[in-house]
>>> print(open('structure.txt').read())   # compact mmCIF, C-alpha atoms
# COMPACT_ATOMS: atom_id res chain seq x y z
CA MET A 1 254.58 142.38 106.98
CA THR A 2 252.57 145.00 108.86
CA GLU A 3 255.43 147.48 108.59
CA HIS A 4 255.66 146.81 104.85
CA ILE A 5 251.92 147.39 104.36
CA LEU A 6 252.05 150.62 106.30
CA ALA A 7 255.07 151.77 104.29
CA ALA A 8 253.22 151.07 101.05
CA GLU A 9 250.16 152.92 102.23
CA ARG A 10 252.27 155.85 103.37
CA PHE A 11 254.04 155.99 100.02
CA GLU A 12 250.74 155.88 98.13
CA ALA A 13 249.55 158.89 100.11
CA ASP A 14 252.45 160.87 98.64
CA ARG A 15 252.44 159.38 95.13
CA ALA A 16 250.59 162.28 93.47
CA HIS A 17 252.93 164.80 95.09
CA LEU A 18 255.99 162.82 94.07
CA ARG A 19 254.75 162.48 90.49
CA ALA A 20 254.22 166.25 90.37
CA VAL A 21 257.81 166.81 91.49
CA ALA A 22 259.20 164.30 89.00
CA TYR A 23 257.17 165.65 86.09
CA ARG A 24 258.44 169.19 86.63
CA MET A 25 261.95 167.83 86.88
CA LEU A 26 261.76 165.67 83.76
CA GLY A 27 258.99 167.10 81.58
CA SER A 28 257.89 163.59 80.62
CA LEU A 29 255.01 161.73 82.22
CA SER A 30 256.46 158.28 81.53
CA GLU A 31 259.86 159.25 82.93
CA ALA A 32 258.17 160.78 85.95
CA GLU A 33 256.32 157.52 86.59
CA ASP A 34 259.62 155.62 86.28
CA ALA A 35 261.25 157.95 88.80
CA VAL A 36 258.41 157.52 91.29
CA GLN A 37 258.55 153.74 90.92
CA GLU A 38 262.31 153.80 91.54
CA ALA A 39 261.68 155.94 94.63
CA TRP A 40 259.26 153.31 95.92
CA LEU A 41 261.85 150.56 95.42
CA ARG A 42 264.36 152.56 97.42
CA ALA A 43 261.88 153.59 100.11
CA SER A 44 260.63 150.04 100.59
CA ARG A 45 264.16 148.94 101.48
CA ALA A 46 265.05 151.92 103.66
CA GLU A 47 264.83 152.34 107.42
CA VAL A 48 262.53 155.34 107.87
CA GLY A 49 261.54 154.90 111.49
CA ASP A 50 263.57 157.95 112.57
CA VAL A 51 262.48 160.14 109.66
CA GLY A 52 260.37 162.98 111.02
CA ASN A 53 259.11 164.34 107.70
CA VAL A 54 258.49 161.36 105.42
CA THR A 55 257.06 163.49 102.61
CA GLY A 56 260.12 165.71 102.63
CA TRP A 57 262.43 162.70 102.68
CA LEU A 58 260.61 161.08 99.76
CA THR A 59 260.74 164.37 97.85
CA THR A 60 264.52 164.45 98.13
CA VAL A 61 264.72 160.79 97.08
CA VAL A 62 262.72 161.53 93.94
CA GLY A 63 264.79 164.65 93.37
CA ARG A 64 268.05 162.68 93.49
CA ILE A 65 266.67 160.08 91.06
CA CYS A 66 265.50 162.77 88.66
CA LEU A 67 268.86 164.54 88.88
CA ASN A 68 270.61 161.34 87.80
CA MET A 69 268.14 160.90 84.95
CA LEU A 70 268.70 164.46 83.78
CA ARG A 71 272.46 164.04 83.87
CA SER A 72 272.19 160.81 81.90
CA ARG A 73 269.94 162.57 79.38
CA ARG A 74 272.50 165.33 78.98
CA THR A 75 275.27 162.89 78.16
CA ARG A 76 273.32 161.41 75.27
CA ARG A 77 271.05 164.48 74.68
CA GLU A 78 267.91 162.78 73.53
CA GLU A 79 266.46 164.88 70.75
CA PRO A 80 263.20 163.23 69.64
CA LEU A 81 264.05 163.49 65.96
CA ASP A 82 262.10 160.35 65.11
CA VAL A 83 258.83 162.28 65.49
CA GLN A 84 258.13 164.89 62.82
CA VAL A 85 256.43 168.09 63.91
CA THR A 86 253.82 167.42 61.24
CA ASP A 87 252.67 164.19 62.92
CA PRO A 88 249.12 165.09 64.01
CA ALA A 89 249.07 163.11 67.24
CA LEU A 90 252.74 163.41 68.24
CA ARG A 91 252.34 160.27 70.29
CA PRO A 92 254.97 159.61 72.96
CA ARG A 93 257.48 157.02 71.84
CA ASP A 94 256.70 154.87 74.85
CA GLY A 95 253.06 154.46 73.82
CA GLY A 96 251.76 156.69 76.62
CA ASP A 97 248.53 158.64 76.47
CA PRO A 98 249.21 161.91 74.58
CA GLU A 99 246.05 163.57 75.90
CA GLU A 100 246.99 162.89 79.52
CA GLU A 101 250.49 164.17 78.84
CA ALA A 102 249.07 167.29 77.17
CA LEU A 103 246.71 168.02 80.07
CA LEU A 104 249.58 167.71 82.52
CA ALA A 105 251.74 170.03 80.41
CA ASP A 106 248.90 172.55 80.36
CA SER A 107 248.54 172.43 84.13
CA VAL A 108 252.25 173.18 84.60
CA GLY A 109 252.65 175.51 81.61
CA VAL A 110 254.30 174.61 78.31
CA ALA A 111 256.52 177.69 78.40
CA LEU A 112 257.77 176.80 81.89
CA LEU A 113 258.62 173.27 80.76
CA VAL A 114 260.54 174.70 77.81
CA VAL A 115 262.57 177.03 80.02
CA LEU A 116 263.21 174.28 82.57
CA ASP A 117 264.61 172.12 79.76
CA THR A 118 267.26 174.76 79.09
CA LEU A 119 268.55 174.71 82.68
CA ALA A 120 271.48 172.62 83.85
CA PRO A 121 270.37 169.59 85.91
CA ALA A 122 271.46 171.02 89.27
CA GLU A 123 269.88 174.38 88.47
CA ARG A 124 266.61 172.73 87.45
CA LEU A 125 266.52 170.60 90.59
CA ALA A 126 267.19 173.56 92.87
CA PHE A 127 264.54 175.74 91.21
CA VAL A 128 261.84 173.06 91.11
CA LEU A 129 262.34 171.89 94.68
CA HIS A 130 262.68 175.35 96.22
CA ASP A 131 260.38 177.61 94.23
CA MET A 132 257.70 175.07 93.34
CA PHE A 133 257.73 172.77 96.41
CA ALA A 134 259.20 174.94 99.17
CA VAL A 135 262.12 172.63 99.96
CA PRO A 136 264.70 174.65 101.95
CA PHE A 137 268.11 175.44 100.50
CA ASP A 138 269.94 173.49 103.21
CA ALA A 139 268.06 170.32 102.18
CA ILE A 140 268.71 170.84 98.46
CA GLY A 141 272.41 171.66 98.77
CA PRO A 142 273.61 168.13 99.64
CA LEU A 143 271.73 166.70 96.63
CA ILE A 144 273.74 168.83 94.20
CA GLU A 145 276.92 169.09 96.30
CA ARG A 146 276.52 172.82 96.82
CA THR A 147 276.37 175.05 99.87
CA PRO A 148 273.00 176.60 100.76
CA ALA A 149 274.32 179.98 99.60
CA THR A 150 275.38 178.62 96.21
CA THR A 151 272.06 176.81 95.89
CA ARG A 152 270.28 180.09 96.50
CA GLN A 153 272.30 181.65 93.67
CA LEU A 154 271.34 178.82 91.31
CA VAL A 155 267.66 179.34 92.07
CA SER A 156 267.96 183.09 91.58
CA ARG A 157 269.60 182.55 88.19
CA ALA A 158 266.90 180.07 87.18
CA ARG A 159 264.19 182.57 88.14
CA ARG A 160 265.70 185.11 85.79
CA ARG A 161 265.64 182.57 82.96
CA VAL A 162 262.02 181.70 83.67
CA LYS A 163 260.94 185.33 83.74
CA GLY A 164 263.10 186.40 80.80
CA ALA A 165 264.04 189.93 79.87
CA ALA A 166 261.40 192.56 80.50
CA PRO A 167 259.03 192.69 77.50
CA ALA A 168 259.28 195.72 75.30
CA ALA A 169 256.99 198.49 76.49
CA THR A 170 253.81 197.92 74.52
CA PRO A 171 250.28 198.89 75.47
CA ASP A 172 248.71 195.94 73.69
CA LEU A 173 250.59 193.03 75.28
CA THR A 174 247.37 192.07 77.05
CA ARG A 175 245.50 192.18 73.74
CA GLN A 176 248.18 190.03 72.11
CA ARG A 177 247.76 187.48 74.88
CA ALA A 178 243.98 187.44 74.45
CA VAL A 179 244.23 186.99 70.68
CA VAL A 180 246.87 184.25 70.91
CA ASP A 181 244.89 182.42 73.62
CA ALA A 182 241.79 182.60 71.44
CA PHE A 183 243.76 181.29 68.44
CA LEU A 184 244.97 178.29 70.45
CA ALA A 185 241.49 177.59 71.85
CA ALA A 186 239.90 177.73 68.39
CA THR A 187 242.59 175.45 66.95
CA ARG A 188 242.21 172.90 69.73
CA GLY A 189 238.43 173.04 69.50
CA GLY A 190 238.30 172.84 65.72
CA ASP A 191 236.29 176.09 65.58
CA PHE A 192 236.91 177.27 62.01
CA ASP A 193 234.68 180.34 62.19
CA ALA A 194 236.33 181.52 65.40
CA LEU A 195 239.74 181.20 63.77
CA VAL A 196 238.71 183.17 60.71
CA SER A 197 237.35 185.93 62.94
CA LEU A 198 240.79 186.34 64.55
CA LEU A 199 242.65 186.61 61.24
CA HIS A 200 243.03 189.62 58.99
CA PRO A 201 241.49 188.82 55.56
CA ASP A 202 244.95 189.12 53.99
CA VAL A 203 246.90 187.35 56.75
CA VAL A 204 250.18 185.79 55.63
CA LEU A 205 251.57 182.62 57.22
CA THR A 206 255.18 181.62 56.61
CA ALA A 207 256.43 178.18 57.68
CA ASP A 208 260.14 177.44 57.42
CA ARG A 209 261.29 174.37 55.53
CA PHE A 210 261.64 172.29 58.71
CA VAL A 211 257.96 172.56 59.60
CA VAL A 212 256.50 170.44 56.79
CA PRO A 213 259.36 169.64 55.77
CA THR A 214 259.83 171.03 52.27
CA PRO A 215 262.82 172.18 50.20
CA GLU A 216 261.70 175.80 50.57
CA PRO A 217 259.63 177.71 53.13
CA VAL A 218 255.86 177.57 52.64
CA VAL A 219 253.93 180.81 52.35
CA VAL A 220 250.13 180.91 52.37
CA SER A 221 247.80 183.88 52.58
CA GLY A 222 244.15 184.63 53.21
CA SER A 223 242.15 184.03 56.37
CA HIS A 224 240.27 180.98 55.09
CA THR A 225 243.39 179.27 53.73
CA VAL A 226 245.36 179.88 56.92
CA ALA A 227 242.44 178.73 59.08
CA LYS A 228 242.15 175.49 57.08
CA GLY A 229 245.83 174.83 57.71
CA ALA A 230 245.37 175.42 61.43
CA MET A 231 242.46 172.96 61.47
CA ALA A 232 244.87 170.30 60.22
CA ALA A 233 247.11 170.87 63.25
CA THR A 234 244.67 170.21 66.09
CA GLY A 235 246.75 167.25 67.33
CA ARG A 236 249.87 169.38 67.41
CA ALA A 237 248.00 172.04 69.39
CA LEU A 238 247.63 169.60 72.30
CA PHE A 239 251.29 170.15 73.18
CA THR A 240 251.25 173.89 72.56
CA GLY A 241 250.94 176.77 75.00
CA PRO A 242 251.36 180.55 75.18
CA ALA A 243 254.82 181.92 75.81
CA LEU A 244 256.85 185.08 75.62
CA LEU A 245 258.99 184.84 72.49
CA ASP A 246 261.63 187.57 72.42
CA GLY A 247 259.25 189.74 74.44
CA GLY A 248 256.16 189.16 72.28
CA VAL A 249 253.26 186.79 72.88
CA GLY A 250 253.37 183.62 70.80
CA LEU A 251 252.86 179.88 70.99
CA ALA A 252 255.42 177.19 71.78
CA MET A 253 254.95 173.52 70.89
CA ALA A 254 256.94 171.27 73.20
CA PRO A 255 256.00 167.59 73.55
CA GLN A 256 257.73 166.17 76.66
CA GLY A 257 258.97 169.68 77.42
CA ARG A 258 261.32 169.79 74.40
CA LEU A 259 260.82 172.85 72.21
CA ARG A 260 260.01 171.75 68.68
CA LEU A 261 258.21 174.67 67.05
CA VAL A 262 256.99 178.21 67.74
CA LEU A 263 254.38 180.47 66.20
CA ALA A 264 255.18 184.18 66.27
CA PHE A 265 252.23 186.51 65.62
CA THR A 266 251.86 190.06 64.40
CA VAL A 267 248.64 191.40 65.93
CA THR A 268 247.05 194.69 64.94
CA GLU A 269 243.67 196.29 65.57
CA ASP A 270 242.45 194.42 62.49
CA GLY A 271 243.47 191.01 63.83
CA ILE A 272 246.39 188.68 63.14
CA THR A 273 248.22 189.93 60.05
CA GLU A 274 251.27 187.64 60.08
CA ILE A 275 252.16 184.23 61.51
CA ASP A 276 255.74 182.97 61.42
CA VAL A 277 256.03 179.22 62.09
CA ILE A 278 259.56 178.26 63.08
CA ALA A 279 260.99 174.76 63.48
CA ASP A 280 264.57 175.42 62.35
CA ARG A 281 266.73 174.37 65.30
CA GLU A 282 269.19 177.22 64.85
CA ARG A 283 266.41 179.79 64.77
CA LEU A 284 264.70 178.23 67.78
CA ASP A 285 267.93 178.33 69.77
CA GLY A 286 268.13 182.07 69.10
CA ILE A 287 264.68 182.82 70.53
CA GLU A 288 264.36 183.76 74.18
CA VAL A 289 261.41 181.81 75.55
CA ALA A 290 259.97 182.96 78.88
CA VAL A 291 256.87 182.43 80.98
CA LEU A 292 253.98 184.84 80.67
CA ASP A 293 252.72 186.42 83.86
CA ALA A 294 249.28 185.20 84.88
>>> encode(input="structure.txt", output="structure tokens")
Amino acid sequence: MTEHILAAERFEADRAHLRAVAYRMLGSLSEAEDAVQEAWLRASRAEVGDVGNVTGWLTTVVGRICLNMLRSRRTRREEPLDVQVTDPALRPRDGGDPEEEALLADSVGVALLVVLDTLAPAERLAFVLHDMFAVPFDAIGPLIERTPATTRQLVSRARRRVKGAAPAATPDLTRQRAVVDAFLAATRGGDFDALVSLLHPDVVLTADRFVVPTPEPVVVSGSHTVAKGAMAATGRALFTGPALLDGGVGLAMAPQGRLRLVLAFTVTEDGITEIDVIADRERLDGIEVAVLDA
């Protein structure tokens, strides 16, 4: 009994770390919690007396569980089509807390979660464990049945996907980022006046027919009209973050790490002149999403 109590206490000391690993692997808070619980069930039955680094051992246990979950997900490719992008709260299907999920996504980075979702399971595991949690290649290799050298190559390839192609040389990329960040902050905060101040008086917003959905794309113009539409999407903005979209700064909406919609902006000295809202799956698949440098 004493050994069991100590094992439970030891596991609890690592729970937050293990949940962080699982969330980056799975992109879903509820699935991450399930993975950590499964890790506890396995750890509570295991002989760990000779394990020198318990945290490292638990990390690999969680990693293996997440790898299996990712592979299972790939076989049935869960696309959350039952939730429309127009649903204001975009509540998780499992009844979880969307605000907690959104805060966690923000802390990791929505764009990073989107890119991680495009990686193969073994590639995602190797990148997350090595680059985000400093697990050595020789400890990751056996989990994915690869040599340390091959594991290193997987991580290198994943890094290139995360970083994306070099953005087009533009002197105002920093300004774009500032404007897009301000747009997201105003939308989340419901600050109508701040939104209007960012928009050109004759701004044009185009939303493809999968956004609403409607038979035809929706086109609206004028700063006040566009700002009113943004005010109606404050719930959606919870799961949205800045990203590089084909080398330009935009916004990606990705509940549970699955890309559902992007906003591409045209920014000039006079403010935002155009917003293209894209939810068409074929168009989304053709956009290179990458992580913005801090």
>>> residues_near_point(input="structure.txt", point="(241.8, 175.1, 55.1)", cutoff="12 Å", atoms="all atoms listed in the file", output="PDB file with C-alpha atoms, in the coordinates of the input")
ATOM      1  CA  THR A 187     242.590 175.450  66.950  1.00  0.00           C
ATOM      2  CA  GLY A 190     238.300 172.840  65.720  1.00  0.00           C
ATOM      3  CA  ASP A 191     236.290 176.090  65.580  1.00  0.00           C
ATOM      4  CA  PHE A 192     236.910 177.270  62.010  1.00  0.00           C
ATOM      5  CA  ASP A 193     234.680 180.340  62.190  1.00  0.00           C
ATOM      6  CA  LEU A 195     239.740 181.200  63.770  1.00  0.00           C
ATOM      7  CA  VAL A 196     238.710 183.170  60.710  1.00  0.00           C
ATOM      8  CA  VAL A 220     250.130 180.910  52.370  1.00  0.00           C
ATOM      9  CA  SER A 221     247.800 183.880  52.580  1.00  0.00           C
ATOM     10  CA  GLY A 222     244.150 184.630  53.210  1.00  0.00           C
ATOM     11  CA  SER A 223     242.150 184.030  56.370  1.00  0.00           C
ATOM     12  CA  HIS A 224     240.270 180.980  55.090  1.00  0.00           C
ATOM     13  CA  THR A 225     243.390 179.270  53.730  1.00  0.00           C
ATOM     14  CA  VAL A 226     245.360 179.880  56.920  1.00  0.00           C
ATOM     15  CA  ALA A 227     242.440 178.730  59.080  1.00  0.00           C
ATOM     16  CA  LYS A 228     242.150 175.490  57.080  1.00  0.00           C
ATOM     17  CA  GLY A 229     245.830 174.830  57.710  1.00  0.00           C
ATOM     18  CA  ALA A 230     245.370 175.420  61.430  1.00  0.00           C
ATOM     19  CA  MET A 231     242.460 172.960  61.470  1.00  0.00           C
ATOM     20  CA  ALA A 232     244.870 170.300  60.220  1.00  0.00           C
ATOM     21  CA  ALA A 233     247.110 170.870  63.250  1.00  0.00           C
TER      22      ALA A 233
END
>>> residues_around(input="structure.txt", residues="Pro255 in chain A", least_positions_apart="4", cutoff="8 Å", atoms="all atoms listed in the file", output="list in words")
Leu90, Ala102, Phe239, Thr240, Leu259 and Arg260 of chain A
>>> write_last_selection(input="structure.txt", atoms="C-alpha atoms", output="short mmCIF file (atom, residue, chain, number, x, y, z; two decimals), in the coordinates of the input")
data_model
loop_
_atom_site.label_atom_id
_atom_site.label_comp_id
_atom_site.auth_asym_id
_atom_site.auth_seq_id
_atom_site.Cartn_x
_atom_site.Cartn_y
_atom_site.Cartn_z
CA LEU A 90 252.74 163.41 68.24
CA ALA A 102 249.07 167.29 77.17
CA PHE A 239 251.29 170.15 73.18
CA THR A 240 251.25 173.89 72.56
CA LEU A 259 260.82 172.85 72.21
CA ARG A 260 260.01 171.75 68.68
#
>>> residues_around(input="structure.txt", residues="range 26-36 of chain A", least_positions_apart="4", cutoff="9 Å", atoms="all atoms listed in the file", output="count of residues only")
30
>>> residues_around(input="structure.txt", residues="range 48-61 of chain A", least_positions_apart="3", cutoff="8 Å", atoms="all atoms listed in the file", output="list in words")
Asp14, Leu18, Val21, Ala39, Ala43, Arg64, Ile65, Val135, Ala139, Ile140 and Leu143 of chain A
>>> axis_aligned_box(input="structure.txt", around="range 221-236 of chain A", padding_each_side="4 Å", output="JSON")
{"center_x": 245.1, "center_y": 175.9, "center_z": 60.0, "size_x": 17.6, "size_y": 25.4, "size_z": 22.8}
>>> residues_around(input="structure.txt", residues="range 268-283 of chain A", least_positions_apart="6", cutoff="7 Å", atoms="all atoms listed in the file", output="PyMOL selection string")
chain A and resi 198-200+202-208+210-211+260-262
>>> closest_residue(input="structure.txt", among="A:Ala182, A:Val289, A:Ala243, A:Leu238", to="Leu103 in chain A", atoms="only C-alpha atoms")
A:Leu238
>>> closest_residue(input="structure.txt", among="A:Arg159, A:Arg73, A:Arg45, A:Arg188", to="Ala8 in chain A", atoms="all atoms listed in the file")
A:Arg45
>>> atom_distance(input="structure.txt", atom1="CA of Gln37 in chain A", atom2="CA of Phe11 in chain A")
10.4 Å
>>> atom_distance(input="structure.txt", atom1="CA of Gly241 in chain A", atom2="CA of Val110 in chain A")
5.2 Å
>>> residues_near_point(input="structure.txt", point="(254.1, 184.3, 81.9)", cutoff="8 Å", atoms="all atoms listed in the file", output="list in words")
Ala111, Lys163, Ala243, Leu244, Ala290, Val291, Leu292, Asp293 and Ala294 of chain A
>>> atom_distance(input="structure.txt", atom1="CA of Val267 in chain A", atom2="CA of Val219 in chain A")
18.0 Å
>>> build_atoms(input="structure.txt", residues="range 268-279 of chain A", atoms="all heavy atoms", output="PDB file, in the coordinates of the input")
ATOM      1  N   THR A 268     247.427 193.289  65.054  1.00  0.00           N
ATOM      2  CA  THR A 268     247.050 194.690  64.940  1.00  0.00           C
ATOM      3  C   THR A 268     245.590 194.847  65.353  1.00  0.00           C
ATOM      4  O   THR A 268     244.936 193.874  65.743  1.00  0.00           O
ATOM      5  CB  THR A 268     247.224 195.199  63.495  1.00  0.00           C
ATOM      6  OG1 THR A 268     246.227 194.603  62.659  1.00  0.00           O
ATOM      7  CG2 THR A 268     248.612 194.855  62.964  1.00  0.00           C
ATOM      8  N   GLU A 269     245.075 196.057  65.238  1.00  0.00           N
ATOM      9  CA  GLU A 269     243.670 196.290  65.570  1.00  0.00           C
ATOM     10  C   GLU A 269     242.737 195.522  64.630  1.00  0.00           C
ATOM     11  O   GLU A 269     241.578 195.283  64.960  1.00  0.00           O
ATOM     12  CB  GLU A 269     243.357 197.787  65.504  1.00  0.00           C
ATOM     13  CG  GLU A 269     244.052 198.599  66.587  1.00  0.00           C
ATOM     14  CD  GLU A 269     243.674 200.058  66.514  1.00  0.00           C
ATOM     15  OE1 GLU A 269     242.931 200.440  65.570  1.00  0.00           O
ATOM     16  OE2 GLU A 269     244.109 200.833  67.398  1.00  0.00           O
ATOM     17  N   ASP A 270     243.261 195.150  63.467  1.00  0.00           N
ATOM     18  CA  ASP A 270     242.450 194.420  62.490  1.00  0.00           C
ATOM     19  C   ASP A 270     242.594 192.907  62.602  1.00  0.00           C
ATOM     20  O   ASP A 270     242.075 192.164  61.762  1.00  0.00           O
ATOM     21  CB  ASP A 270     242.829 194.855  61.063  1.00  0.00           C
ATOM     22  CG  ASP A 270     242.546 196.328  60.822  1.00  0.00           C
ATOM     23  OD1 ASP A 270     241.499 196.806  61.299  1.00  0.00           O
ATOM     24  OD2 ASP A 270     243.381 196.989  60.176  1.00  0.00           O
ATOM     25  N   GLY A 271     243.301 192.443  63.628  1.00  0.00           N
ATOM     26  CA  GLY A 271     243.470 191.010  63.830  1.00  0.00           C
ATOM     27  C   GLY A 271     244.898 190.559  63.570  1.00  0.00           C
ATOM     28  O   GLY A 271     245.828 191.370  63.508  1.00  0.00           O
ATOM     29  N   ILE A 272     245.068 189.264  63.401  1.00  0.00           N
ATOM     30  CA  ILE A 272     246.390 188.680  63.140  1.00  0.00           C
ATOM     31  C   ILE A 272     246.734 188.915  61.671  1.00  0.00           C
ATOM     32  O   ILE A 272     246.028 188.446  60.770  1.00  0.00           O
ATOM     33  CB  ILE A 272     246.401 187.181  63.456  1.00  0.00           C
ATOM     34  CG1 ILE A 272     246.087 186.946  64.944  1.00  0.00           C
ATOM     35  CG2 ILE A 272     247.750 186.568  63.095  1.00  0.00           C
ATOM     36  CD1 ILE A 272     245.856 185.480  65.294  1.00  0.00           C
ATOM     37  N   THR A 273     247.823 189.627  61.430  1.00  0.00           N
ATOM     38  CA  THR A 273     248.220 189.930  60.050  1.00  0.00           C
ATOM     39  C   THR A 273     249.343 189.032  59.549  1.00  0.00           C
ATOM     40  O   THR A 273     249.462 188.819  58.340  1.00  0.00           O
ATOM     41  CB  THR A 273     248.654 191.392  59.916  1.00  0.00           C
ATOM     42  OG1 THR A 273     249.755 191.636  60.816  1.00  0.00           O
ATOM     43  CG2 THR A 273     247.496 192.331  60.245  1.00  0.00           C
ATOM     44  N   GLU A 274     250.161 188.511  60.471  1.00  0.00           N
ATOM     45  CA  GLU A 274     251.270 187.640  60.080  1.00  0.00           C
ATOM     46  C   GLU A 274     251.454 186.540  61.112  1.00  0.00           C
ATOM     47  O   GLU A 274     251.288 186.768  62.316  1.00  0.00           O
ATOM     48  CB  GLU A 274     252.582 188.417  59.944  1.00  0.00           C
ATOM     49  CG  GLU A 274     252.593 189.470  58.851  1.00  0.00           C
ATOM     50  CD  GLU A 274     253.931 190.195  58.787  1.00  0.00           C
ATOM     51  OE1 GLU A 274     254.940 189.627  59.252  1.00  0.00           O
ATOM     52  OE2 GLU A 274     253.960 191.339  58.290  1.00  0.00           O
ATOM     53  N   ILE A 275     251.790 185.350  60.636  1.00  0.00           N
ATOM     54  CA  ILE A 275     252.160 184.230  61.510  1.00  0.00           C
ATOM     55  C   ILE A 275     253.442 183.637  60.969  1.00  0.00           C
ATOM     56  O   ILE A 275     253.509 183.253  59.786  1.00  0.00           O
ATOM     57  CB  ILE A 275     251.063 183.149  61.557  1.00  0.00           C
ATOM     58  CG1 ILE A 275     249.725 183.743  61.991  1.00  0.00           C
ATOM     59  CG2 ILE A 275     251.473 182.016  62.511  1.00  0.00           C
ATOM     60  CD1 ILE A 275     248.568 182.745  61.924  1.00  0.00           C
ATOM     61  N   ASP A 276     254.451 183.561  61.803  1.00  0.00           N
ATOM     62  CA  ASP A 276     255.740 182.970  61.420  1.00  0.00           C
ATOM     63  C   ASP A 276     255.892 181.657  62.193  1.00  0.00           C
ATOM     64  O   ASP A 276     255.964 181.658  63.424  1.00  0.00           O
ATOM     65  CB  ASP A 276     256.879 183.929  61.758  1.00  0.00           C
ATOM     66  CG  ASP A 276     258.211 183.510  61.139  1.00  0.00           C
ATOM     67  OD1 ASP A 276     258.206 182.567  60.318  1.00  0.00           O
ATOM     68  OD2 ASP A 276     259.238 184.121  61.483  1.00  0.00           O
ATOM     69  N   VAL A 277     255.914 180.538  61.474  1.00  0.00           N
ATOM     70  CA  VAL A 277     256.030 179.220  62.090  1.00  0.00           C
ATOM     71  C   VAL A 277     257.470 178.759  61.948  1.00  0.00           C
ATOM     72  O   VAL A 277     257.978 178.621  60.833  1.00  0.00           O
ATOM     73  CB  VAL A 277     255.063 178.206  61.450  1.00  0.00           C
ATOM     74  CG1 VAL A 277     255.062 176.902  62.244  1.00  0.00           C
ATOM     75  CG2 VAL A 277     253.652 178.773  61.349  1.00  0.00           C
ATOM     76  N   ILE A 278     258.119 178.523  63.073  1.00  0.00           N
ATOM     77  CA  ILE A 278     259.560 178.260  63.080  1.00  0.00           C
ATOM     78  C   ILE A 278     259.841 176.902  63.704  1.00  0.00           C
ATOM     79  O   ILE A 278     259.437 176.633  64.846  1.00  0.00           O
ATOM     80  CB  ILE A 278     260.303 179.341  63.886  1.00  0.00           C
ATOM     81  CG1 ILE A 278     260.017 180.729  63.304  1.00  0.00           C
ATOM     82  CG2 ILE A 278     261.807 179.058  63.927  1.00  0.00           C
ATOM     83  CD1 ILE A 278     260.472 181.868  64.201  1.00  0.00           C
ATOM     84  N   ALA A 279     260.538 176.048  62.957  1.00  0.00           N
ATOM     85  CA  ALA A 279     260.990 174.760  63.480  1.00  0.00           C
ATOM     86  C   ALA A 279     262.492 174.560  63.266  1.00  0.00           C
ATOM     87  O   ALA A 279     263.046 173.556  63.718  1.00  0.00           O
ATOM     88  CB  ALA A 279     260.214 173.616  62.846  1.00  0.00           C
TER      89      ALA A 279
END
